[in-house]
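data21.json follows; it contains JSON, C-alpha atoms.
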[["chain", "number", "residue", "atom", "x", "y", "z"],
["A", 864, "MET", "CA", 14.94, -17.90, -51.52],
["A", 865, "VAL", "CA", 15.64, -18.79, -55.15],
["A", 866, "ASP", "CA", 19.31, -19.36, -55.99],
["A", 867, "ASP", "CA", 18.93, -20.38, -59.63],
["A", 868, "PRO", "CA", 15.57, -19.53, -61.24],
["A", 869, "TYR", "CA", 16.35, -21.75, -64.25],
["A", 870, "LYS", "CA", 16.84, -24.74, -61.95],
["A", 871, "VAL", "CA", 13.61, -23.99, -60.08],
["A", 872, "LEU", "CA", 11.67, -24.15, -63.37],
["A", 873, "GLY", "CA", 13.62, -27.20, -64.57],
["A", 874, "LEU", "CA", 15.14, -25.34, -67.53],
["A", 875, "ASN", "CA", 18.55, -24.36, -68.88],
["A", 876, "ARG", "CA", 19.69, -20.92, -69.97],
["A", 877, "GLN", "CA", 18.91, -21.67, -73.62],
["A", 878, "ALA", "CA", 15.17, -21.98, -72.87],
["A", 879, "SER", "CA", 12.83, -19.77, -74.89],
["A", 880, "GLN", "CA", 10.31, -17.39, -73.29],
["A", 881, "ASP", "CA", 7.60, -19.81, -74.39],
["A", 882, "ASP", "CA", 9.41, -22.67, -72.60],
["A", 883, "ILE", "CA", 9.59, -20.53, -69.46],
["A", 884, "GLN", "CA", 5.89, -19.71, -69.56],
["A", 885, "LYS", "CA", 4.90, -23.37, -70.09],
["A", 886, "ALA", "CA", 7.14, -24.57, -67.27],
["A", 887, "TYR", "CA", 5.72, -21.94, -64.93],
["A", 888, "ARG", "CA", 2.11, -22.84, -65.73],
["A", 889, "ARG", "CA", 2.78, -26.54, -65.20],
["A", 890, "LEU", "CA", 4.54, -26.07, -61.87],
["A", 891, "ALA", "CA", 2.14, -23.38, -60.62],
["A", 892, "LYS", "CA", -0.80, -25.74, -61.16],
["A", 893, "LYS", "CA", 1.03, -28.60, -59.46],
["A", 894, "HIS", "CA", 2.02, -26.66, -56.33],
["A", 895, "HIS", "CA", -0.79, -24.10, -55.99],
["A", 896, "PRO", "CA", -1.95, -23.79, -52.35],
["A", 897, "ASP", "CA", -5.60, -24.19, -53.36],
["A", 898, "LEU", "CA", -4.80, -27.64, -54.77],
["A", 899, "ASN", "CA", -2.53, -28.61, -51.85],
["A", 900, "PRO", "CA", -4.29, -27.39, -48.70],
["A", 901, "GLY", "CA", -2.07, -27.63, -45.62],
["A", 902, "ASP", "CA", 0.99, -28.76, -47.59],
["A", 903, "ARG", "CA", 3.78, -26.41, -46.48],
["A", 904, "SER", "CA", 6.32, -27.86, -48.91],
["A", 905, "ALA", "CA", 3.98, -27.27, -51.87],
["A", 906, "GLU", "CA", 3.35, -23.72, -50.62],
["A", 907, "GLU", "CA", 7.09, -23.04, -50.43],
["A", 908, "LYS", "CA", 7.64, -24.55, -53.87],
["A", 909, "PHE", "CA", 4.85, -22.36, -55.26],
["A", 910, "LYS", "CA", 6.58, -19.28, -53.83],
["A", 911, "GLN", "CA", 9.88, -20.29, -55.43],
["A", 912, "VAL", "CA", 8.26, -20.99, -58.80],
["A", 913, "SER", "CA", 6.45, -17.61, -58.72],
["A", 914, "GLN", "CA", 9.67, -15.80, -57.80],
["A", 915, "ALA", "CA", 11.61, -17.55, -60.55],
["A", 916, "TYR", "CA", 8.96, -16.67, -63.13],
["A", 917, "ASP", "CA", 8.81, -13.07, -61.92],
["A", 918, "LEU", "CA", 12.45, -12.81, -62.94],
["A", 919, "LEU", "CA", 12.68, -14.98, -66.07],
["A", 920, "GLY", "CA", 9.21, -14.17, -67.39],
["A", 921, "ASP", "CA", 10.29, -10.55, -67.82],
["A", 922, "GLU", "CA", 12.68, -10.48, -70.79],
["A", 923, "GLU", "CA", 14.55, -7.40, -69.61],
["A", 924, "LYS", "CA", 15.02, -8.79, -66.08],
["A", 925, "ARG", "CA", 16.14, -12.09, -67.57],
["A", 926, "ARG", "CA", 18.78, -10.38, -69.73],
["A", 927, "ARG", "CA", 20.06, -8.43, -66.72],
["A", 928, "PHE", "CA", 20.22, -11.60, -64.61],
["A", 929, "ASP", "CA", 22.08, -13.47, -67.34],
["A", 930, "ARG", "CA", 24.58, -10.59, -67.51],
["A", 931, "GLY", "CA", 25.03, -10.71, -63.74],
["A", 932, "GLU", "CA", 23.59, -7.24, -63.16],
["A", 933, "ILE", "CA", 20.89, -8.48, -60.76],
["A", 934, "ASP", "CA", 20.67, -11.54, -58.53],
["A", 935, "ALA", "CA", 18.00, -14.26, -58.39],
["A", 936, "GLN", "CA", 15.85, -12.02, -56.15],
["A", 937, "GLY", "CA", 16.02, -9.19, -58.69],
["A", 938, "MET", "CA", 18.31, -7.09, -56.50],
["A", 939, "GLU", "CA", 21.03, -4.97, -58.08],
["A", 940, "ARG", "CA", 24.57, -6.28, -58.01],
["A", 941, "PRO", "CA", 27.19, -3.50, -57.71],
["A", 942, "GLN", "CA", 29.25, -3.10, -60.87],
["A", 943, "HIS", "CA", 32.76, -3.13, -59.35],
["A", 944, "ARG", "CA", 35.02, -0.33, -60.50],
["A", 945, "PHE", "CA", 38.31, -0.09, -58.60],
["A", 946, "TYR", "CA", 40.58, 2.84, -57.96],
["A", 947, "ARG", "CA", 43.18, 1.66, -60.41],
["A", 948, "GLU", "CA", 40.70, 2.18, -63.25],
["A", 949, "TYR", "CA", 40.66, 5.89, -62.46],
["A", 950, "ALA", "CA", 44.28, 6.32, -61.27],
["A", 951, "ASP", "CA", 45.22, 8.31, -64.34],
["A", 952, "ALA", "CA", 42.12, 10.46, -64.32],
["A", 953, "GLY", "CA", 42.44, 14.19, -63.72],
["A", 954, "ALA", "CA", 41.14, 15.99, -60.66],
["A", 955, "ASP", "CA", 37.98, 16.89, -62.51],
["A", 956, "HIS", "CA", 37.14, 13.23, -63.23],
["A", 957, "PRO", "CA", 33.68, 12.55, -61.72],
["A", 958, "TYR", "CA", 34.98, 9.60, -59.69],
["A", 959, "ALA", "CA", 38.52, 10.78, -58.92],
["A", 960, "SER", "CA", 37.86, 12.16, -55.43],
["A", 961, "ARG", "CA", 35.14, 9.80, -54.13],
["A", 962, "ALA", "CA", 37.32, 8.06, -51.60],
["A", 963, "GLY", "CA", 35.62, 5.00, -50.12],
["A", 964, "PHE", "CA", 32.97, 4.68, -52.88],
["A", 965, "GLU", "CA", 35.07, 3.47, -55.81],
["A", 966, "ASP", "CA", 33.16, 0.19, -56.02],
["A", 967, "PHE", "CA", 29.98, 2.13, -56.88],
["A", 968, "ALA", "CA", 31.51, 4.42, -59.47],
["A", 969, "ASP", "CA", 29.63, 3.06, -62.51],
["A", 970, "ALA", "CA", 26.97, 5.61, -63.44],
["A", 971, "GLY", "CA", 24.67, 2.75, -64.45],
["A", 972, "ASP", "CA", 24.78, 1.26, -60.98],
["A", 973, "ILE", "CA", 21.70, 1.85, -58.85],
["A", 974, "PHE", "CA", 23.83, 3.04, -55.93],
["A", 975, "SER", "CA", 25.80, 5.68, -57.81],
["A", 976, "GLN", "CA", 22.95, 8.18, -57.50],
["A", 977, "PHE", "CA", 23.19, 8.02, -53.70],
["A", 978, "PHE", "CA", 26.95, 8.16, -53.13],
["A", 979, "THR", "CA", 27.60, 11.77, -54.02],
["A", 980, "ARG", "CA", 29.97, 14.17, -52.30],
["A", 981, "GLY", "CA", 29.16, 14.61, -48.64],
["A", 982, "GLY", "CA", 26.96, 12.42, -46.44],
["A", 983, "GLY", "CA", 26.31, 9.76, -49.05],
["A", 984, "GLY", "CA", 25.52, 7.06, -46.50],
["A", 985, "ASP", "CA", 22.89, 9.14, -44.72],
["A", 986, "ARG", "CA", 21.23, 10.08, -47.98],
["A", 987, "PHE", "CA", 21.03, 6.44, -49.00],
["A", 988, "ARG", "CA", 19.31, 5.49, -45.76],
["A", 989, "ASN", "CA", 16.60, 8.08, -46.36],
["A", 990, "VAL", "CA", 15.88, 7.34, -50.01],
["A", 991, "ARG", "CA", 12.51, 5.91, -50.94],
["A", 992, "MET", "CA", 12.34, 3.01, -53.38],
["A", 993, "ARG", "CA", 9.38, 1.35, -55.04],
["A", 994, "GLY", "CA", 8.74, -2.28, -54.15],
["A", 995, "GLY", "CA", 9.05, -5.05, -56.74],
["A", 996, "ASP", "CA", 6.22, -6.56, -58.74],
["A", 997, "ILE", "CA", 5.02, -10.09, -57.91],
["A", 998, "ARG", "CA", 3.63, -12.48, -60.52],
["A", 999, "TYR", "CA", 0.71, -14.83, -59.91],
["A", 1000, "HIS", "CA", -1.19, -17.39, -61.98],
["A", 1001, "LEU", "CA", -5.00, -17.61, -62.03],
["A", 1002, "ARG", "CA", -7.11, -20.22, -63.83],
["A", 1003, "VAL", "CA", -10.35, -18.60, -65.01],
["A", 1004, "ASP", "CA", -13.60, -20.30, -65.99],
["A", 1005, "PHE", "CA", -14.44, -19.93, -69.69],
["A", 1006, "LEU", "CA", -17.72, -18.10, -69.06],
["A", 1007, "ASP", "CA", -16.13, -15.77, -66.50],
["A", 1008, "ALA", "CA", -13.61, -14.73, -69.16],
["A", 1009, "VAL", "CA", -16.40, -14.15, -71.69],
["A", 1010, "ARG", "CA", -18.80, -12.30, -69.40],
["A", 1011, "GLY", "CA", -16.47, -10.82, -66.78],
["A", 1012, "ALA", "CA", -16.47, -11.71, -63.08],
["A", 1013, "ARG", "CA", -15.00, -10.98, -59.68],
["A", 1014, "ARG", "CA", -12.81, -13.70, -58.18],
["A", 1015, "THR", "CA", -10.61, -14.16, -55.12],
["A", 1016, "LEU", "CA", -6.95, -15.15, -55.53],
["A", 1017, "THR", "CA", -5.32, -17.07, -52.65],
["A", 1018, "LEU", "CA", -1.76, -15.85, -52.10],
["A", 1019, "PRO", "CA", 1.18, -18.05, -51.00],
["A", 1020, "ASP", "CA", 1.13, -16.53, -47.49],
["A", 1021, "GLY", "CA", -2.51, -17.58, -46.99],
["A", 1022, "SER", "CA", -4.00, -14.12, -47.51],
["A", 1023, "SER", "CA", -6.38, -13.37, -50.37],
["A", 1024, "MET", "CA", -6.87, -10.69, -52.99],
["A", 1025, "ASP", "CA", -10.06, -9.80, -54.89],
["A", 1026, "ILE", "CA", -9.58, -9.70, -58.67],
["A", 1027, "GLU", "CA", -11.86, -7.93, -61.14],
["A", 1028, "ILE", "CA", -11.83, -9.95, -64.38],
["A", 1029, "PRO", "CA", -12.96, -7.75, -67.30],
["A", 1030, "ALA", "CA", -15.26, -9.28, -69.90],
["A", 1031, "GLY", "CA", -13.35, -10.49, -72.93],
["A", 1032, "VAL", "CA", -9.98, -11.32, -71.34],
["A", 1033, "GLU", "CA", -7.88, -13.82, -73.26],
["A", 1034, "ASP", "CA", -5.67, -16.76, -72.37],
["A", 1035, "GLY", "CA", -2.22, -15.58, -71.27],
["A", 1036, "GLN", "CA", -3.36, -12.00, -70.66],
["A", 1037, "MET", "CA", -1.78, -10.21, -67.69],
["A", 1038, "LEU", "CA", -3.82, -8.21, -65.19],
["A", 1039, "ARG", "CA", -2.11, -5.59, -63.02],
["A", 1040, "VAL", "CA", -3.36, -4.83, -59.51],
["A", 1041, "ARG", "CA", -1.73, -1.66, -58.23],
["A", 1042, "GLY", "CA", -0.04, -1.73, -54.84],
["A", 1043, "LYS", "CA", -0.36, -5.48, -54.24],
["A", 1044, "GLY", "CA", 3.28, -6.36, -54.84],
["A", 1045, "SER", "CA", 6.30, -6.17, -52.53],
["A", 1046, "PRO", "CA", 6.39, -3.27, -50.03],
["A", 1047, "GLY", "CA", 8.56, -0.28, -50.83],
["A", 1048, "LEU", "CA", 11.71, 0.85, -49.02],
["A", 1049, "ASN", "CA", 11.58, 3.70, -46.52],
["A", 1050, "GLY", "CA", 7.95, 4.50, -47.26],
["A", 1051, "GLY", "CA", 8.22, 4.04, -51.01],
["A", 1052, "GLU", "CA", 5.15, 2.83, -52.88],
["A", 1053, "ALA", "CA", 4.46, -0.89, -53.06],
["A", 1054, "GLY", "CA", 4.95, -2.82, -56.28],
["A", 1055, "ASP", "CA", 2.11, -4.31, -58.28],
["A", 1056, "ALA", "CA", 0.63, -7.79, -58.55],
["A", 1057, "LEU", "CA", 0.88, -9.14, -62.10],
["A", 1058, "ILE", "CA", -1.70, -11.89, -62.62],
["A", 1059, "GLU", "CA", -1.37, -14.14, -65.65],
["A", 1060, "LEU", "CA", -4.71, -15.64, -66.70],
["A", 1061, "GLU", "CA", -5.25, -19.15, -67.98],
["A", 1062, "ILE", "CA", -8.69, -19.61, -69.57],
["A", 1063, "ALA", "CA", -10.24, -23.04, -69.09],
["A", 1064, "ASP", "CA", -11.92, -24.86, -71.97],
["A", 1065, "HIS", "CA", -15.70, -25.26, -72.15],
["A", 1066, "PRO", "CA", -17.54, -28.48, -73.09],
["A", 1067, "VAL", "CA", -19.96, -26.69, -75.45],
["A", 1068, "PHE", "CA", -18.53, -23.30, -76.45],
["A", 1069, "ARG", "CA", -15.28, -22.46, -78.19],
["A", 1070, "ARG", "CA", -13.91, -19.00, -78.81],
["A", 1071, "GLU", "CA", -12.37, -17.40, -81.87],
["A", 1072, "GLY", "CA", -11.57, -13.74, -81.29],
["A", 1073, "GLN", "CA", -14.73, -12.03, -80.06],
["A", 1074, "ASP", "CA", -17.04, -14.72, -81.49],
["A", 1075, "ILE", "CA", -18.33, -17.86, -79.82],
["A", 1076, "HIS", "CA", -18.87, -21.04, -81.84],
["A", 1077, "ILE", "CA", -21.18, -23.92, -81.03],
["A", 1078, "ASP", "CA", -22.17, -27.16, -82.81],
["A", 1079, "LEU", "CA", -25.93, -27.59, -82.51],
["A", 1080, "PRO", "CA", -27.50, -31.01, -83.15],
["A", 1081, "ILE", "CA", -30.88, -30.94, -84.95],
["A", 1082, "THR", "CA", -33.29, -33.73, -85.89],
["A", 1083, "ILE", "CA", -34.13, -34.90, -89.41],
["A", 1084, "ASP", "CA", -37.58, -33.33, -89.27],
["A", 1085, "GLU", "CA", -36.16, -30.01, -88.01],
["A", 1086, "ALA", "CA", -33.73, -30.01, -90.93],
["A", 1087, "VAL", "CA", -36.42, -30.82, -93.52],
["A", 1088, "LEU", "CA", -39.36, -28.87, -92.15],
["A", 1089, "GLY", "CA", -37.59, -26.16, -90.17],
["A", 1090, "GLY", "CA", -38.69, -25.03, -86.74],
["A", 1091, "LYS", "CA", -37.77, -23.20, -83.57],
["A", 1092, "VAL", "CA", -35.03, -24.67, -81.37],
["A", 1093, "GLU", "CA", -33.39, -23.63, -78.11],
["A", 1094, "VAL", "CA", -29.72, -22.62, -78.29],
["A", 1095, "PRO", "CA", -27.39, -22.11, -75.31],
["A", 1096, "THR", "CA", -25.35, -18.88, -75.31],
["A", 1097, "PRO", "CA", -22.90, -17.44, -72.74],
["A", 1098, "THR", "CA", -25.65, -15.11, -71.52],
["A", 1099, "GLY", "CA", -28.47, -17.68, -71.39],
["A", 1100, "THR", "CA", -30.64, -19.85, -73.61],
["A", 1101, "VAL", "CA", -32.37, -18.23, -76.61],
["A", 1102, "THR", "CA", -34.84, -19.46, -79.25],
["A", 1103, "MET", "CA", -33.61, -19.63, -82.84],
["A", 1104, "THR", "CA", -35.43, -20.50, -86.08],
["A", 1105, "VAL", "CA", -33.93, -23.29, -88.19],
["A", 1106, "PRO", "CA", -34.93, -22.67, -91.82],
["A", 1107, "ALA", "CA", -36.60, -25.49, -93.72],
["A", 1108, "GLY", "CA", -34.17, -27.55, -95.79],
["A", 1109, "ALA", "CA", -31.16, -26.85, -93.57],
["A", 1110, "SER", "CA", -28.15, -29.09, -94.12],
["A", 1111, "SER", "CA", -25.45, -30.18, -91.71],
["A", 1112, "GLY", "CA", -22.66, -27.62, -91.66],
["A", 1113, "ARG", "CA", -24.91, -24.64, -92.25],
["A", 1114, "THR", "CA", -24.01, -21.75, -89.96],
["A", 1115, "LEU", "CA", -26.51, -19.38, -88.37],
["A", 1116, "ARG", "CA", -25.49, -16.19, -86.54],
["A", 1117, "LEU", "CA", -26.83, -14.85, -83.25],
["A", 1118, "ARG", "CA", -25.69, -11.25, -83.09],
["A", 1119, "GLY", "CA", -24.35, -9.88, -79.82],
["A", 1120, "LYS", "CA", -24.32, -13.30, -78.13],
["A", 1121, "GLY", "CA", -20.55, -13.80, -78.24],
["A", 1122, "VAL", "CA", -17.85, -12.32, -76.02],
["A", 1123, "GLN", "CA", -19.32, -9.55, -73.85],
["A", 1124, "GLY", "CA", -16.45, -7.05, -73.97],
["A", 1125, "ARG", "CA", -16.56, -3.38, -74.92],
["A", 1126, "THR", "CA", -17.35, -4.63, -78.42],
["A", 1127, "LYS", "CA", -19.72, -7.60, -78.29],
["A", 1128, "GLY", "CA", -19.06, -10.57, -80.52],
["A", 1129, "ASP", "CA", -21.57, -12.93, -82.13],
["A", 1130, "GLU", "CA", -22.40, -16.58, -81.59],
["A", 1131, "LEU", "CA", -22.04, -18.75, -84.68],
["A", 1132, "VAL", "CA", -24.28, -21.83, -84.59],
["A", 1133, "HIS", "CA", -23.13, -24.73, -86.78],
["A", 1134, "LEU", "CA", -25.99, -27.13, -87.53],
["A", 1135, "SER", "CA", -25.46, -30.89, -87.42],
["A", 1136, "ILE", "CA", -28.23, -33.35, -88.37],
["A", 1137, "VAL", "CA", -28.31, -36.21, -85.88],
["A", 1138, "LEU", "CA", -30.23, -39.46, -86.40],
["A", 1139, "PRO", "CA", -32.18, -41.10, -83.58],
["A", 1140, "GLU", "CA", -30.20, -43.53, -81.45],
["A", 1141, "ARG", "CA", -32.30, -46.30, -82.99],
["A", 1142, "VAL", "CA", -33.71, -46.12, -86.53],
["A", 1143, "ASP", "CA", -37.15, -47.74, -86.32],
["A", 1144, "PRO", "CA", -38.69, -49.78, -89.19],
["A", 1145, "GLU", "CA", -41.17, -47.05, -90.08],
["A", 1146, "LEU", "CA", -38.41, -44.50, -90.72],
["A", 1147, "GLU", "CA", -36.30, -47.06, -92.55],
["A", 1148, "ASN", "CA", -39.18, -48.07, -94.89],
["A", 1149, "PHE", "CA", -40.06, -44.45, -95.55],
["A", 1150, "MET", "CA", -36.48, -43.62, -96.52],
["A", 1151, "ARG", "CA", -36.28, -46.65, -98.85],
["A", 1152, "ARG", "CA", -39.39, -45.50, -100.72],
["A", 1153, "TRP", "CA", -38.17, -41.90, -100.77],
["A", 1154, "ARG", "CA", -34.75, -42.87, -102.15],
["A", 1155, "GLU", "CA", -36.33, -44.88, -104.98],
["A", 1156, "GLN", "CA", -38.40, -41.89, -106.07],
["A", 1157, "HIS", "CA", -36.08, -38.94, -105.26],
["A", 1158, "ARG", "CA", -32.52, -40.19, -105.67],
["A", 1159, "TYR", "CA", -29.89, -37.42, -105.84],
["A", 1160, "ASP", "CA", -26.08, -37.15, -105.56],
["A", 1161, "PRO", "CA", -24.82, -34.41, -103.16],
["A", 1162, "ARG", "CA", -21.20, -35.36, -104.00],
["A", 1163, "ARG", "CA", -21.46, -34.66, -107.70],
["A", 1164, "PRO", "CA", -19.54, -31.33, -107.49],
["A", 1165, "MET", "CA", -16.58, -33.21, -106.00],
["A", 1166, "LYS", "CA", -16.14, -35.67, -108.87],
["A", 1167, "GLY", "CA", -12.91, -35.22, -110.75],
["A", 1168, "ALA", "CA", -11.36, -33.24, -107.90],
["A", 1169, "ALA", "CA", -8.83, -35.98, -107.06]]
In structure tokens, how does this file's structure come out?
Amino acid sequence: MVDDPYKVLGLNRQASQDDIQKAYRRLAKKHHPDLNPGDRSAEEKFKQVSQAYDLLGDEEKRRRFDRGEIDAQGMERPQHRFYREYADAGADHPYASRAGFEDFADAGDIFSQFFTRGGGGDRFRNVRMRGGDIRYHLRVDFLDAVRGARRTLTLPDGSSMDIEIPAGVEDGQMLRVRGKGSPGLNGGEAGDALIELEIADHPVFRREGQDIHIDLPITIDEAVLGGKVEVPTPTGTVTMTVPAGASSGRTLRLRGKGVQGRTKGDELVHLSIVLPERVDPELENFMRRWREQHRYDPRRPMKGAA
């Protein structure tokens, strides 16, 4: 059980919501059961970190905890109101004649709705309450986030849960799985699982909104003469035409080859001329002759800018 969620996350009460999220991600990665198979202490620490983040990651719950209205498990704390506070109240005061239930007299208290005149205790035992939500953290492959996928999440108790990852999800986005949280009270519905996604980087692709960007190396002859080249995209390799005379930095667009959400993005291909690993004498001599006959200054527009 978590006694102080701030202490579990290694933070103080002045921490920002961003600090809380970063601390949770760091500790969740460190203690995740998938990365520490068979380590009971890591499993227990992961449970504590998840419970602490479930409380502090929700701004409203955090405010209520800081005010002392709920405890570290998210359970309501009775707002004590004693008889002397109502001693001068008239007979028609709503709390004047509730002998034995004065400590629950605050209308904002969760118990006040149960302790009404006559048989309050029995009514409380029969009330149904919804279970609490549970937060989880899931690291998602870049291409799975772009294209969508189905993944299995290992829970702290060793069970698993299948997760449908929609195409186009973003880093930090929260998925809700209905009924996979804490069980309800007296037959009440279960809470939900709230799954925060962390999108991994990719060695070739990078994402900006719904578009995918890629730096594509091309040879000198492809830049001068043009030609067809193969380009990787999130949905497979395609053939693209490089126009003759293409310079490094030129951007070509492959429509519909970006993020595969409800609205498909594009892939933007940034050309980069790359020399051979070794410049042979033939190429070197050719370029010397060419420079003597066709000298030009591509930096001329920049002169006088400083």
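For the atom pair formed by CA of Pro1106 in chain A and CA of Asp1078 in chain A, the distance is 16.3 Å, given to one decimal.
One distance worth recording is that between CA of Gly1099 in chain A and CA of Arg1125 in chain A, which is 18.9 Å.
Closest approach to Arg991 in chain A from the set A:Gln1073, A:Ser913, A:Asn1049, A:Thr1082 is made by A:Asn1049, with distances taken over all atoms listed in the file.
With only C-alpha atoms as the atoms that count, the minimum distance from Glu1093 in chain A to the choices A:Ile1075, A:Leu1060, A:Leu1018, A:Val1132 is reached by A:Val1132.
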Atomic distance CA of Gln1036 in chain A - CA of Met992 in chain A, expressed in Å with one decimal: 27.8 Å
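With only C-alpha atoms as the atoms that count, the residue of A:Asp929, A:Glu906, A:Asp921, A:Glu1140 with the shortest distance to Arg876 in chain A is A:Asp929.
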